[in-house]
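For reference, input-v4.txt (compact mmCIF, C-alpha atoms and all ligand atoms):
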```txt
# COMPACT_ATOMS: atom_id res chain seq x y z
CA MET A 1 -17.20 24.91 4.41
CA ASP A 2 -18.60 22.39 1.96
CA TRP A 3 -20.68 19.46 3.25
CA GLY A 4 -18.19 16.81 2.10
CA LEU A 5 -15.27 18.55 3.76
CA LYS A 6 -17.21 18.98 7.00
CA ASN A 7 -18.35 15.38 6.91
CA ARG A 8 -14.80 14.08 6.40
CA ILE A 9 -13.44 16.24 9.23
CA ALA A 10 -16.24 14.90 11.47
CA ARG A 11 -14.94 11.38 10.79
CA ILE A 12 -11.55 12.41 12.14
CA ILE A 13 -12.47 14.82 14.95
CA SER A 14 -15.53 13.48 16.73
CA PRO A 15 -18.30 16.12 16.82
CA ALA A 16 -19.50 14.53 20.08
CA ASP A 17 -16.53 15.83 22.05
CA ASN A 18 -14.34 17.63 19.49
CA ARG A 19 -11.58 15.09 20.10
CA ALA A 20 -9.50 12.86 17.86
CA LEU A 21 -7.51 9.68 18.33
CA MET A 22 -5.54 9.07 15.16
CA LEU A 23 -3.22 6.08 15.02
CA ALA A 24 -0.05 6.82 13.03
CA VAL A 25 1.45 3.90 11.11
CA ASP A 26 2.99 5.83 8.21
CA HIS A 27 6.56 5.73 9.53
CA GLY A 28 7.82 3.27 6.90
CA TYR A 29 7.60 5.94 4.22
CA PHE A 30 11.00 7.24 5.30
CA LEU A 31 12.09 4.91 8.13
CA GLY A 32 11.53 1.56 6.40
CA PRO A 33 10.57 -1.35 8.66
CA THR A 34 10.50 0.55 11.94
CA GLU A 35 10.83 -1.53 15.11
CA LYS A 36 7.52 -3.15 16.05
CA LEU A 37 5.95 -2.01 12.79
CA GLU A 38 7.61 -4.72 10.71
CA ASP A 39 4.36 -6.66 10.46
CA LEU A 40 1.97 -3.88 9.52
CA LYS A 41 -1.01 -6.16 8.97
CA LYS A 42 -0.81 -7.64 12.42
CA THR A 43 -0.26 -4.31 14.18
CA ILE A 44 -3.12 -2.64 12.34
CA ALA A 45 -5.52 -5.56 12.86
CA SER A 46 -5.10 -5.37 16.62
CA LEU A 47 -5.24 -1.59 16.97
CA ALA A 48 -7.51 -0.19 14.23
CA LYS A 49 -10.67 -0.86 16.18
CA HIS A 50 -9.51 1.36 19.03
CA CYS A 51 -8.76 4.53 17.06
CA ASP A 52 -10.91 7.10 15.27
CA SER A 53 -8.72 7.22 12.17
CA LEU A 54 -5.58 5.69 10.73
CA MET A 55 -2.69 7.67 9.24
CA ILE A 56 -1.02 5.53 6.63
CA THR A 57 0.61 5.46 3.18
CA ARG A 58 -1.15 4.10 0.10
CA GLY A 59 1.19 1.12 -0.21
CA ALA A 60 0.58 0.09 3.36
CA LEU A 61 -3.15 0.66 2.98
CA ARG A 62 -3.45 -1.51 -0.11
CA THR A 63 -1.28 -4.31 1.24
CA SER A 64 -2.05 -4.34 4.93
CA VAL A 65 -5.51 -2.99 5.73
CA ASN A 66 -8.66 -5.02 5.22
CA PRO A 67 -10.91 -2.93 2.95
CA ASP A 68 -13.89 -4.12 5.01
CA TYR A 69 -12.66 -2.01 7.91
CA ALA A 70 -14.66 1.17 8.30
CA VAL A 71 -11.79 3.05 9.95
CA PRO A 72 -11.37 6.50 8.30
CA ILE A 73 -8.08 6.84 6.45
CA VAL A 74 -5.74 9.83 6.64
CA LEU A 75 -3.48 9.20 3.67
CA ARG A 76 0.11 10.40 3.70
CA VAL A 77 0.74 11.83 0.26
CA SER A 78 4.24 13.25 0.71
CA GLY A 79 7.62 11.54 0.60
CA GLY A 80 10.81 11.24 -1.40
CA THR A 81 13.41 10.99 1.35
CA SER A 82 14.70 8.32 3.71
CA ILE A 83 16.42 8.30 7.06
CA ILE A 84 19.72 7.31 5.42
CA GLY A 85 19.52 10.08 2.84
CA GLU A 86 21.06 13.51 3.04
CA ASP A 87 18.15 15.76 3.95
CA LEU A 88 14.76 14.66 5.21
CA SER A 89 13.17 17.97 4.28
CA GLN A 90 13.33 17.48 0.50
CA GLU A 91 9.84 16.01 0.29
CA ASP A 92 7.41 16.27 -2.57
CA ILE A 93 3.85 15.18 -3.21
CA THR A 94 3.94 11.54 -4.28
CA VAL A 95 0.26 10.61 -4.49
CA SER A 96 -2.39 12.09 -6.77
CA ILE A 97 -5.75 13.28 -5.54
CA LYS A 98 -7.27 10.81 -7.99
CA ASP A 99 -5.60 7.93 -6.15
CA ALA A 100 -6.62 9.39 -2.78
CA LEU A 101 -10.23 9.49 -4.00
CA ARG A 102 -9.94 5.93 -5.28
CA LEU A 103 -8.84 4.93 -1.79
CA ASN A 104 -11.87 6.68 -0.29
CA VAL A 105 -9.80 8.68 2.18
CA ALA A 106 -11.11 10.93 4.94
CA ALA A 107 -8.11 13.27 4.57
CA VAL A 108 -4.72 13.63 2.97
CA ALA A 109 -1.58 14.45 4.95
CA MET A 110 1.81 15.89 4.11
CA SER A 111 4.82 17.28 5.94
CA VAL A 112 6.03 20.86 5.88
CA PHE A 113 9.59 21.55 6.97
CA VAL A 114 9.47 25.17 8.12
CA GLY A 115 12.91 26.72 8.51
CA SER A 116 14.64 23.90 6.64
CA LYS A 117 16.60 23.99 3.41
CA TYR A 118 13.50 22.90 1.49
CA GLU A 119 10.87 24.93 3.32
CA TYR A 120 9.82 26.78 0.13
CA GLN A 121 9.15 23.53 -1.72
CA THR A 122 7.17 21.94 1.10
CA ILE A 123 5.13 25.05 1.91
CA VAL A 124 4.25 25.68 -1.75
CA ASN A 125 3.33 22.00 -2.08
CA LEU A 126 0.99 22.36 0.89
CA GLY A 127 -0.76 25.27 -0.82
CA LYS A 128 -1.08 23.24 -4.04
CA LEU A 129 -2.39 20.21 -2.18
CA VAL A 130 -5.04 22.34 -0.46
CA ASN A 131 -6.06 23.77 -3.87
CA GLU A 132 -6.58 20.29 -5.27
CA ALA A 133 -8.05 18.63 -2.20
CA GLU A 134 -10.59 21.41 -1.59
CA GLU A 135 -12.00 20.79 -5.07
CA TYR A 136 -13.13 17.36 -3.89
CA GLY A 137 -13.98 18.24 -0.29
CA ILE A 138 -10.95 16.45 1.13
CA PRO A 139 -9.37 17.97 4.23
CA VAL A 140 -5.60 18.38 4.44
CA LEU A 141 -3.59 17.52 7.53
CA ALA A 142 -0.28 19.38 7.65
CA VAL A 143 2.50 17.79 9.65
CA THR A 144 5.01 20.29 11.02
CA ALA A 145 7.98 18.00 10.54
CA VAL A 146 11.23 18.61 12.36
CA GLY A 147 13.39 15.99 10.65
CA LYS A 148 15.99 14.58 12.99
CA GLU A 149 15.64 17.50 15.40
CA ILE A 150 12.74 16.24 17.46
CA GLY A 151 12.82 17.61 20.99
CA THR A 152 14.80 20.67 20.03
CA LYS A 153 11.89 22.80 18.90
CA ASP A 154 10.17 25.21 21.26
CA ALA A 155 6.78 26.97 21.37
CA ARG A 156 8.14 29.90 19.37
CA TYR A 157 9.19 27.65 16.49
CA LEU A 158 6.19 25.33 16.64
CA SER A 159 3.67 28.17 16.76
CA LEU A 160 5.34 29.68 13.71
CA ALA A 161 5.30 26.36 11.84
CA CYS A 162 1.67 25.60 12.75
CA ARG A 163 0.54 29.09 11.80
CA VAL A 164 2.34 28.93 8.45
CA ALA A 165 0.60 25.60 7.73
CA ALA A 166 -2.82 26.93 8.74
CA GLU A 167 -2.36 30.07 6.64
CA GLN A 168 -1.71 27.88 3.59
CA GLY A 169 -5.14 26.37 4.22
CA ALA A 170 -4.40 23.19 6.16
CA HIS A 171 -7.60 22.07 7.90
CA ILE A 172 -5.84 20.27 10.77
CA VAL A 173 -2.23 20.62 11.91
CA LYS A 174 -0.14 17.96 13.56
CA THR A 175 2.77 19.10 15.64
CA TYR A 176 4.85 18.16 18.67
CA TYR A 177 4.08 18.95 22.28
CA CYS A 178 6.38 21.43 23.98
CA GLU A 179 6.52 23.70 27.00
CA ASN A 180 4.03 26.60 26.77
CA PHE A 181 1.99 24.59 24.33
CA GLU A 182 -0.97 26.98 24.86
CA LYS A 183 0.99 29.50 22.82
CA VAL A 184 1.07 27.07 19.88
CA VAL A 185 -2.64 26.22 20.15
CA ASN A 186 -3.83 29.78 20.73
CA SER A 187 -2.08 31.18 17.68
CA CYS A 188 -3.26 28.45 15.30
CA PRO A 189 -6.73 29.00 13.82
CA VAL A 190 -7.31 25.31 13.00
CA PRO A 191 -7.42 22.24 15.27
CA ILE A 192 -4.10 20.85 16.46
CA ILE A 193 -3.25 17.23 17.15
CA ILE A 194 0.05 16.07 18.58
CA ALA A 195 2.45 13.36 17.50
CA GLY A 196 3.80 11.18 20.26
CA GLY A 197 7.41 11.30 19.09
CA LYS A 198 10.06 8.78 20.08
CA LYS A 199 9.09 6.01 22.48
CA ILE A 200 9.08 7.13 26.09
CA PRO A 201 7.77 5.33 29.20
CA GLU A 202 3.99 4.80 29.09
CA ASN A 203 3.27 7.08 32.05
CA ASP A 204 5.20 9.90 30.35
CA ALA A 205 3.38 9.39 27.04
CA LEU A 206 0.05 9.50 28.86
CA LYS A 207 1.09 12.68 30.67
CA LEU A 208 2.10 14.19 27.32
CA THR A 209 -1.34 13.32 25.97
CA TYR A 210 -3.15 14.77 28.97
CA ASP A 211 -1.06 17.95 29.04
CA ALA A 212 -1.48 18.56 25.30
CA LEU A 213 -5.26 18.20 25.52
CA LYS A 214 -5.38 20.41 28.59
CA ALA A 215 -3.47 23.04 26.64
CA GLY A 216 -6.06 22.89 23.85
CA ALA A 217 -5.01 20.19 21.40
CA VAL A 218 -8.02 18.27 20.06
CA GLY A 219 -6.23 14.97 20.16
CA VAL A 220 -3.30 12.84 19.15
CA ASP A 221 -1.83 11.29 16.06
CA MET A 222 0.26 8.77 17.94
CA GLY A 223 2.40 5.93 16.66
CA ARG A 224 5.52 4.69 18.40
CA ASN A 225 4.27 5.28 21.91
CA ILE A 226 1.37 2.97 21.12
CA TRP A 227 2.73 0.16 18.96
CA GLN A 228 6.21 0.13 20.52
CA SER A 229 4.63 -0.25 23.96
CA ASP A 230 4.92 -3.66 25.65
CA ASN A 231 1.11 -3.72 25.53
CA PRO A 232 -0.09 -1.76 22.50
CA VAL A 233 -3.79 -2.52 23.00
CA ALA A 234 -3.65 -1.53 26.68
CA MET A 235 -1.78 1.62 25.70
CA ILE A 236 -4.21 2.73 23.01
CA LYS A 237 -7.10 2.10 25.39
CA ALA A 238 -5.36 4.20 28.04
CA VAL A 239 -4.78 7.01 25.52
CA HIS A 240 -8.44 6.69 24.50
CA SER A 241 -9.52 7.08 28.11
CA ILE A 242 -7.87 10.52 28.16
CA VAL A 243 -8.83 11.64 24.66
CA HIS A 244 -12.48 10.58 24.75
CA GLY A 245 -12.95 9.89 28.44
CA SER A 246 -12.35 11.77 31.63
CA ASN A 247 -9.18 10.09 32.86
CA ASN A 248 -6.18 12.13 33.84
CA ALA A 249 -2.69 10.83 33.13
CA GLU A 250 -2.43 8.89 36.39
CA GLN A 251 -5.82 7.25 35.99
CA ALA A 252 -4.97 6.34 32.42
CA PHE A 253 -1.67 4.80 33.54
CA THR A 254 -3.51 2.80 36.20
CA LEU A 255 -5.85 1.59 33.47
CA TYR A 256 -2.85 0.71 31.28
CA LYS A 257 -1.35 -1.38 34.07
CA GLN A 258 -4.64 -3.10 34.82
CA LEU A 259 -5.18 -3.97 31.18
CA SER A 260 -1.57 -5.20 30.93
CA GLY A 261 -2.09 -7.40 33.95
CA LYS A 262 0.49 -5.44 35.94
CA PRO A 263 -0.06 -4.72 39.64
CA ASN A 264 -0.82 -1.10 40.42
CA ASN A 265 2.05 -0.09 42.65
CA ASN A 266 1.65 3.63 42.06
CA ASN A 267 -1.34 4.64 44.08
CA PRO A 268 -3.67 1.99 45.51
CA ASN A 269 -6.47 4.55 45.91
CA GLN A 270 -6.38 5.82 42.36
CA LYS A 271 -9.21 4.30 40.35
CA PRO A 272 -9.14 4.44 36.56
CA ASN A 273 -12.33 5.67 34.98
CA ASN A 274 -13.32 3.15 32.40
CA ASN A 275 -16.73 4.71 31.82
CA ASN A 276 -16.71 6.85 28.81
CA PRO A 277 -19.86 8.77 27.91
CA ASN A 278 -18.38 9.67 24.55
CA GLN A 279 -17.35 6.15 23.60
CA LYS A 280 -18.15 5.74 19.96
CA PRO A 281 -19.73 2.53 18.70
CA ASN A 282 -16.95 1.94 16.18
CA ASN A 283 -14.27 1.74 18.82
CA ASN A 284 -14.69 -1.94 19.39
CA ASN A 285 -15.35 -3.19 15.95
CA PRO A 286 -13.31 -2.32 12.89
CA ASN A 287 -16.13 -3.49 10.69
CA GLN A 288 -18.69 -1.19 12.20
CA LYS A 289 -19.48 1.96 10.26
CA PRO A 290 -17.99 5.16 11.70
CA GLN A 291 -20.35 7.56 13.42
CA GLN A 292 -21.24 10.43 11.11
C1 LIG B 1 6.13 10.64 10.60
C2 LIG B 1 4.80 11.00 11.08
C3 LIG B 1 4.21 10.18 12.16
O1 LIG B 1 2.93 9.83 11.76
C4 LIG B 1 4.17 10.99 13.42
O2 LIG B 1 5.45 11.33 13.80
C5 LIG B 1 3.37 10.34 14.53
O3 LIG B 1 3.99 9.25 15.00
P1 LIG B 1 4.79 9.22 16.38
O4 LIG B 1 3.75 9.32 17.47
O5 LIG B 1 5.48 7.90 16.36
O6 LIG B 1 5.73 10.41 16.42
O7 LIG B 1 4.20 11.92 10.62
O8 LIG B 1 6.65 11.73 9.93
```
Give the structure from the file, written as structure tokens.
Amino acid sequence: MDWGLKNRIARIISPADNRALMLAVDHGYFLGPTEKLEDLKKTIASLAKHCDSLMITRGALRTSVNPDYAVPIVLRVSGGTSIIGEDLSQEDITVSIKDALRLNVAAVAMSVFVGSKYEYQTIVNLGKLVNEAEEYGIPVLAVTAVGKEIGTKDARYLSLACRVAAEQGAHIVKTYYCENFEKVVNSCPVPIIIAGGKKIPENDALKLTYDALKAGAVGVDMGRNIWQSDNPVAMIKAVHSIVHGSNNAEQAFTLYKQLSGKPNNNNPNQKPNNNNPNQKPNNNNPNQKPQQ
């Protein structure tokens, strides 16, 4: 693997613990002004310092992210459909590698819709994107998109979709958590991160995070379950305490409640672990340079 590619991946998946906390704010590319993401600038300003990388579109990046921030960018380069259109799977590549380079991205990301009407188009596009991105040492994150069918896909489907993406050369694959998630992780030769999916209660989202990591995922690319939370900063810190710390789901939820100023009525003896040996220096300051 070329130095530049390795270096960019290291900005996304921390070499210190082989874990990744990516904050997803790219939803507008097909959902428009998603609830609680209407004011992108404000949401990003409060959360960017707590994540390792930010998944975003170029329009949102240029309009809503301070270029002084050192947060590594995972640029969504696919699109072409909207939630009110006929078929979400008919995506194409919408951003050139030249523009991605101009934006100094750490990676590019696109969706593949395995098993859909437009699977051929999206899988071939993934191969083409890898061809182009590899020339410049840019890693490709493949998103195994399920359109409107979230929650209906099982380990058999997701392991197939992840494997197809990895075989096309994706360097990291994002997928959804499911039962028997080990099957998905064990049959995918590249690191897997999980999306959070639709908003669920905070304790459930933290359990999802913990279970996915326990099954072998290297981290999360989480959106709605962070910024649609009543306390997004508390939530991202709680997720961080699992991804880069040693908290289990319960401890992380206790931390979430403490940070939200809510009484801990779950288990009075359960102490959250707020000490994190792997805490990276850039996690508190968006202007600080990322650890190489
Ligand atoms: C949209 C995406 C999102 O980035 C992804 O779904 C992660 O966000 P969430 O945790 O809200 O599911 O790729 O297609």
Fill in: Cut-off 7 Å, all atoms listed in the file, neighbours of ligand LIG 1 (chain B) as a ChimeraX atom specification
/A:24-27,55,143,145,195-198,221-225
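Nearest to A:Trp227 of all the residues A:Ile138, A:Ile200, A:Ala249, A:Ala133 is A:Ile200, counting only C-alpha atoms.
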Worksheet item: Mind pulling up the distance from atom CA of A:Asn104 to atom CA of A:Gly28?
Response: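 Computing it gives 21.2 Å between the two atoms.
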Discussion item. Please determine, counting all atoms listed in the file, which residue among A:Asn247, A:Ser187, A:Thr144, A:Gln121 has the shortest atom-to-atom distance to A:Ser159.
Written reply: A:Ser187
Practice prompt. Pick out the closest residue to A:Ser64 from this set: A:Leu40, A:Leu31, A:Val185, A:Leu101. Count only C-alpha atoms.
Written response: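 Looking at the shortest contact to A:Ser64, the residue is A:Leu40.
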Worksheet entry | Closest of A:Val233, A:Leu103, A:Met22, A:Leu160 to A:Ala60 - atom-to-atom distances counting only C-alpha atoms |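 Of A:Val233, A:Leu103, A:Met22, A:Leu160, the one nearest A:Ala60 is A:Leu103, counting only C-alpha atoms.
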Practice prompt. Could you jot down the atom CA of A:Leu158 to atom CA of A:Tyr177 separation for me, Å, one decimal place?
Written response: 8.8 Å
Discussion item. Here is a test: counting all atoms listed in the file, which residue of A:Ile93, A:Ile172, A:Ala165, A:Met235 is nearest to A:Val74?
Written reply: A:Ile172
Worksheet item: From the set A:Phe30, A:Cys51, A:Val108, A:Glu135, which residue has the shortest atom-to-atom contact distance to A:Ile84, counting all atoms listed in the file?
Response: A:Phe30
Worksheet item: In Å, how far is it from atom CA of A:Glu132 to atom CA of A:Ala100?
Response: 11.2 Å
Residues within 8 Å of (5.0, 20.4, 23.4), file coords, all atoms listed in the file, listed as a PDB file with C-alpha atoms, keeping the file's coordinate frame:
```pdb
ATOM      1  CA  ASP A 154      10.170  25.210  21.260  1.00  0.00           C
ATOM      2  CA  ALA A 155       6.780  26.970  21.370  1.00  0.00           C
ATOM      3  CA  TYR A 176       4.850  18.160  18.670  1.00  0.00           C
ATOM      4  CA  TYR A 177       4.080  18.950  22.280  1.00  0.00           C
ATOM      5  CA  CYS A 178       6.380  21.430  23.980  1.00  0.00           C
ATOM      6  CA  GLU A 179       6.520  23.700  27.000  1.00  0.00           C
ATOM      7  CA  ASN A 180       4.030  26.600  26.770  1.00  0.00           C
ATOM      8  CA  PHE A 181       1.990  24.590  24.330  1.00  0.00           C
ATOM      9  CA  LEU A 208       2.100  14.190  27.320  1.00  0.00           C
ATOM     10  CA  ALA A 212      -1.480  18.560  25.300  1.00  0.00           C
TER      11      ALA A 212
END
```
Worksheet entry | Nearby residues (all atoms listed in the file) at most 7 Å from A:Val105, same-chain spacing under 6 positions excluded, as a PyMOL selection string | chain A and resi 72-75
Serialized stretch 64-139 of chain A w/ C-alpha atoms as a PDB file, in the first residue's frame:
```
ATOM      1  CA  SER A  64     -20.648  24.834   6.491  1.00  0.00           C
ATOM      2  CA  VAL A  65     -17.229  23.687   7.685  1.00  0.00           C
ATOM      3  CA  ASN A  66     -14.539  26.097   8.787  1.00  0.00           C
ATOM      4  CA  PRO A  67     -11.471  25.316   6.645  1.00  0.00           C
ATOM      5  CA  ASP A  68      -9.303  25.942   9.710  1.00  0.00           C
ATOM      6  CA  TYR A  69     -10.656  22.755  11.246  1.00  0.00           C
ATOM      7  CA  ALA A  70      -8.166  19.914  11.043  1.00  0.00           C
ATOM      8  CA  VAL A  71     -10.862  17.231  11.089  1.00  0.00           C
ATOM      9  CA  PRO A  72     -10.201  14.672   8.297  1.00  0.00           C
ATOM     10  CA  ILE A  73     -12.887  14.701   5.620  1.00  0.00           C
ATOM     11  CA  VAL A  74     -14.546  11.633   4.114  1.00  0.00           C
ATOM     12  CA  LEU A  75     -16.211  13.101   1.052  1.00  0.00           C
ATOM     13  CA  ARG A  76     -19.398  11.585  -0.316  1.00  0.00           C
ATOM     14  CA  VAL A  77     -18.981  11.548  -4.073  1.00  0.00           C
ATOM     15  CA  SER A  78     -22.129   9.675  -5.108  1.00  0.00           C
ATOM     16  CA  GLY A  79     -25.690  10.901  -5.537  1.00  0.00           C
ATOM     17  CA  GLY A  80     -28.373  11.586  -8.098  1.00  0.00           C
ATOM     18  CA  THR A  81     -31.494  10.459  -6.257  1.00  0.00           C
ATOM     19  CA  SER A  82     -33.774  11.840  -3.562  1.00  0.00           C
ATOM     20  CA  ILE A  83     -36.125  10.357  -1.015  1.00  0.00           C
ATOM     21  CA  ILE A  84     -39.134  11.526  -3.045  1.00  0.00           C
ATOM     22  CA  GLY A  85     -37.825  10.015  -6.266  1.00  0.00           C
ATOM     23  CA  GLU A  86     -38.628   6.629  -7.696  1.00  0.00           C
ATOM     24  CA  ASP A  87     -35.580   4.551  -6.872  1.00  0.00           C
ATOM     25  CA  LEU A  88     -32.826   5.449  -4.428  1.00  0.00           C
ATOM     26  CA  SER A  89     -30.427   2.963  -5.982  1.00  0.00           C
ATOM     27  CA  GLN A  90     -29.890   4.856  -9.245  1.00  0.00           C
ATOM     28  CA  GLU A  91     -26.817   6.678  -7.978  1.00  0.00           C
ATOM     29  CA  ASP A  92     -23.839   7.825  -9.972  1.00  0.00           C
ATOM     30  CA  ILE A  93     -20.531   9.472  -9.192  1.00  0.00           C
ATOM     31  CA  THR A  94     -21.148  13.212  -8.917  1.00  0.00           C
ATOM     32  CA  VAL A  95     -17.779  14.558  -7.779  1.00  0.00           C
ATOM     33  CA  SER A  96     -14.461  14.385  -9.619  1.00  0.00           C
ATOM     34  CA  ILE A  97     -11.259  13.198  -8.009  1.00  0.00           C
ATOM     35  CA  LYS A  98      -9.809  16.587  -8.937  1.00  0.00           C
ATOM     36  CA  ASP A  99     -12.383  18.313  -6.741  1.00  0.00           C
ATOM     37  CA  ALA A 100     -11.819  15.790  -3.943  1.00  0.00           C
ATOM     38  CA  LEU A 101      -8.091  16.581  -4.085  1.00  0.00           C
ATOM     39  CA  ARG A 102      -8.833  20.298  -4.085  1.00  0.00           C
ATOM     40  CA  LEU A 103     -10.827  19.733  -0.907  1.00  0.00           C
ATOM     41  CA  ASN A 104      -7.884  17.892   0.664  1.00  0.00           C
ATOM     42  CA  VAL A 105      -9.962  14.878   1.618  1.00  0.00           C
ATOM     43  CA  ALA A 106      -8.830  11.893   3.674  1.00  0.00           C
ATOM     44  CA  ALA A 107     -11.128   9.554   1.710  1.00  0.00           C
ATOM     45  CA  VAL A 108     -13.962   9.463  -0.771  1.00  0.00           C
ATOM     46  CA  ALA A 109     -17.205   7.585  -0.136  1.00  0.00           C
ATOM     47  CA  MET A 110     -19.970   6.216  -2.317  1.00  0.00           C
ATOM     48  CA  SER A 111     -22.941   3.891  -1.979  1.00  0.00           C
ATOM     49  CA  VAL A 112     -23.347   0.503  -3.607  1.00  0.00           C
ATOM     50  CA  PHE A 113     -26.834  -0.955  -3.838  1.00  0.00           C
ATOM     51  CA  VAL A 114     -26.205  -4.692  -4.020  1.00  0.00           C
ATOM     52  CA  GLY A 115     -29.255  -6.651  -5.154  1.00  0.00           C
ATOM     53  CA  SER A 116     -31.097  -3.548  -6.327  1.00  0.00           C
ATOM     54  CA  LYS A 117     -32.278  -2.597  -9.791  1.00  0.00           C
ATOM     55  CA  TYR A 118     -29.141  -0.502 -10.285  1.00  0.00           C
ATOM     56  CA  GLU A 119     -26.585  -2.773  -8.634  1.00  0.00           C
ATOM     57  CA  TYR A 120     -24.531  -3.109 -11.845  1.00  0.00           C
ATOM     58  CA  GLN A 121     -24.173   0.657 -12.199  1.00  0.00           C
ATOM     59  CA  THR A 122     -23.201   1.248  -8.579  1.00  0.00           C
ATOM     60  CA  ILE A 123     -20.778  -1.685  -8.371  1.00  0.00           C
ATOM     61  CA  VAL A 124     -19.042  -0.742 -11.633  1.00  0.00           C
ATOM     62  CA  ASN A 125     -18.860   2.856 -10.402  1.00  0.00           C
ATOM     63  CA  LEU A 126     -17.168   1.639  -7.229  1.00  0.00           C
ATOM     64  CA  GLY A 127     -14.540  -0.158  -9.293  1.00  0.00           C
ATOM     65  CA  LYS A 128     -13.972   2.979 -11.388  1.00  0.00           C
ATOM     66  CA  LEU A 129     -13.739   5.185  -8.315  1.00  0.00           C
ATOM     67  CA  VAL A 130     -11.124   2.865  -6.791  1.00  0.00           C
ATOM     68  CA  ASN A 131      -9.143   2.996 -10.064  1.00  0.00           C
ATOM     69  CA  GLU A 132      -9.068   6.784  -9.975  1.00  0.00           C
ATOM     70  CA  ALA A 133      -8.658   7.273  -6.243  1.00  0.00           C
ATOM     71  CA  GLU A 134      -5.786   4.782  -5.967  1.00  0.00           C
ATOM     72  CA  GLU A 135      -3.837   6.859  -8.488  1.00  0.00           C
ATOM     73  CA  TYR A 136      -3.713   9.662  -5.937  1.00  0.00           C
ATOM     74  CA  GLY A 137      -3.475   7.560  -2.772  1.00  0.00           C
ATOM     75  CA  ILE A 138      -7.037   8.301  -1.711  1.00  0.00           C
ATOM     76  CA  PRO A 139      -8.886   5.532   0.117  1.00  0.00           C
TER      77      PRO A 139
END
```
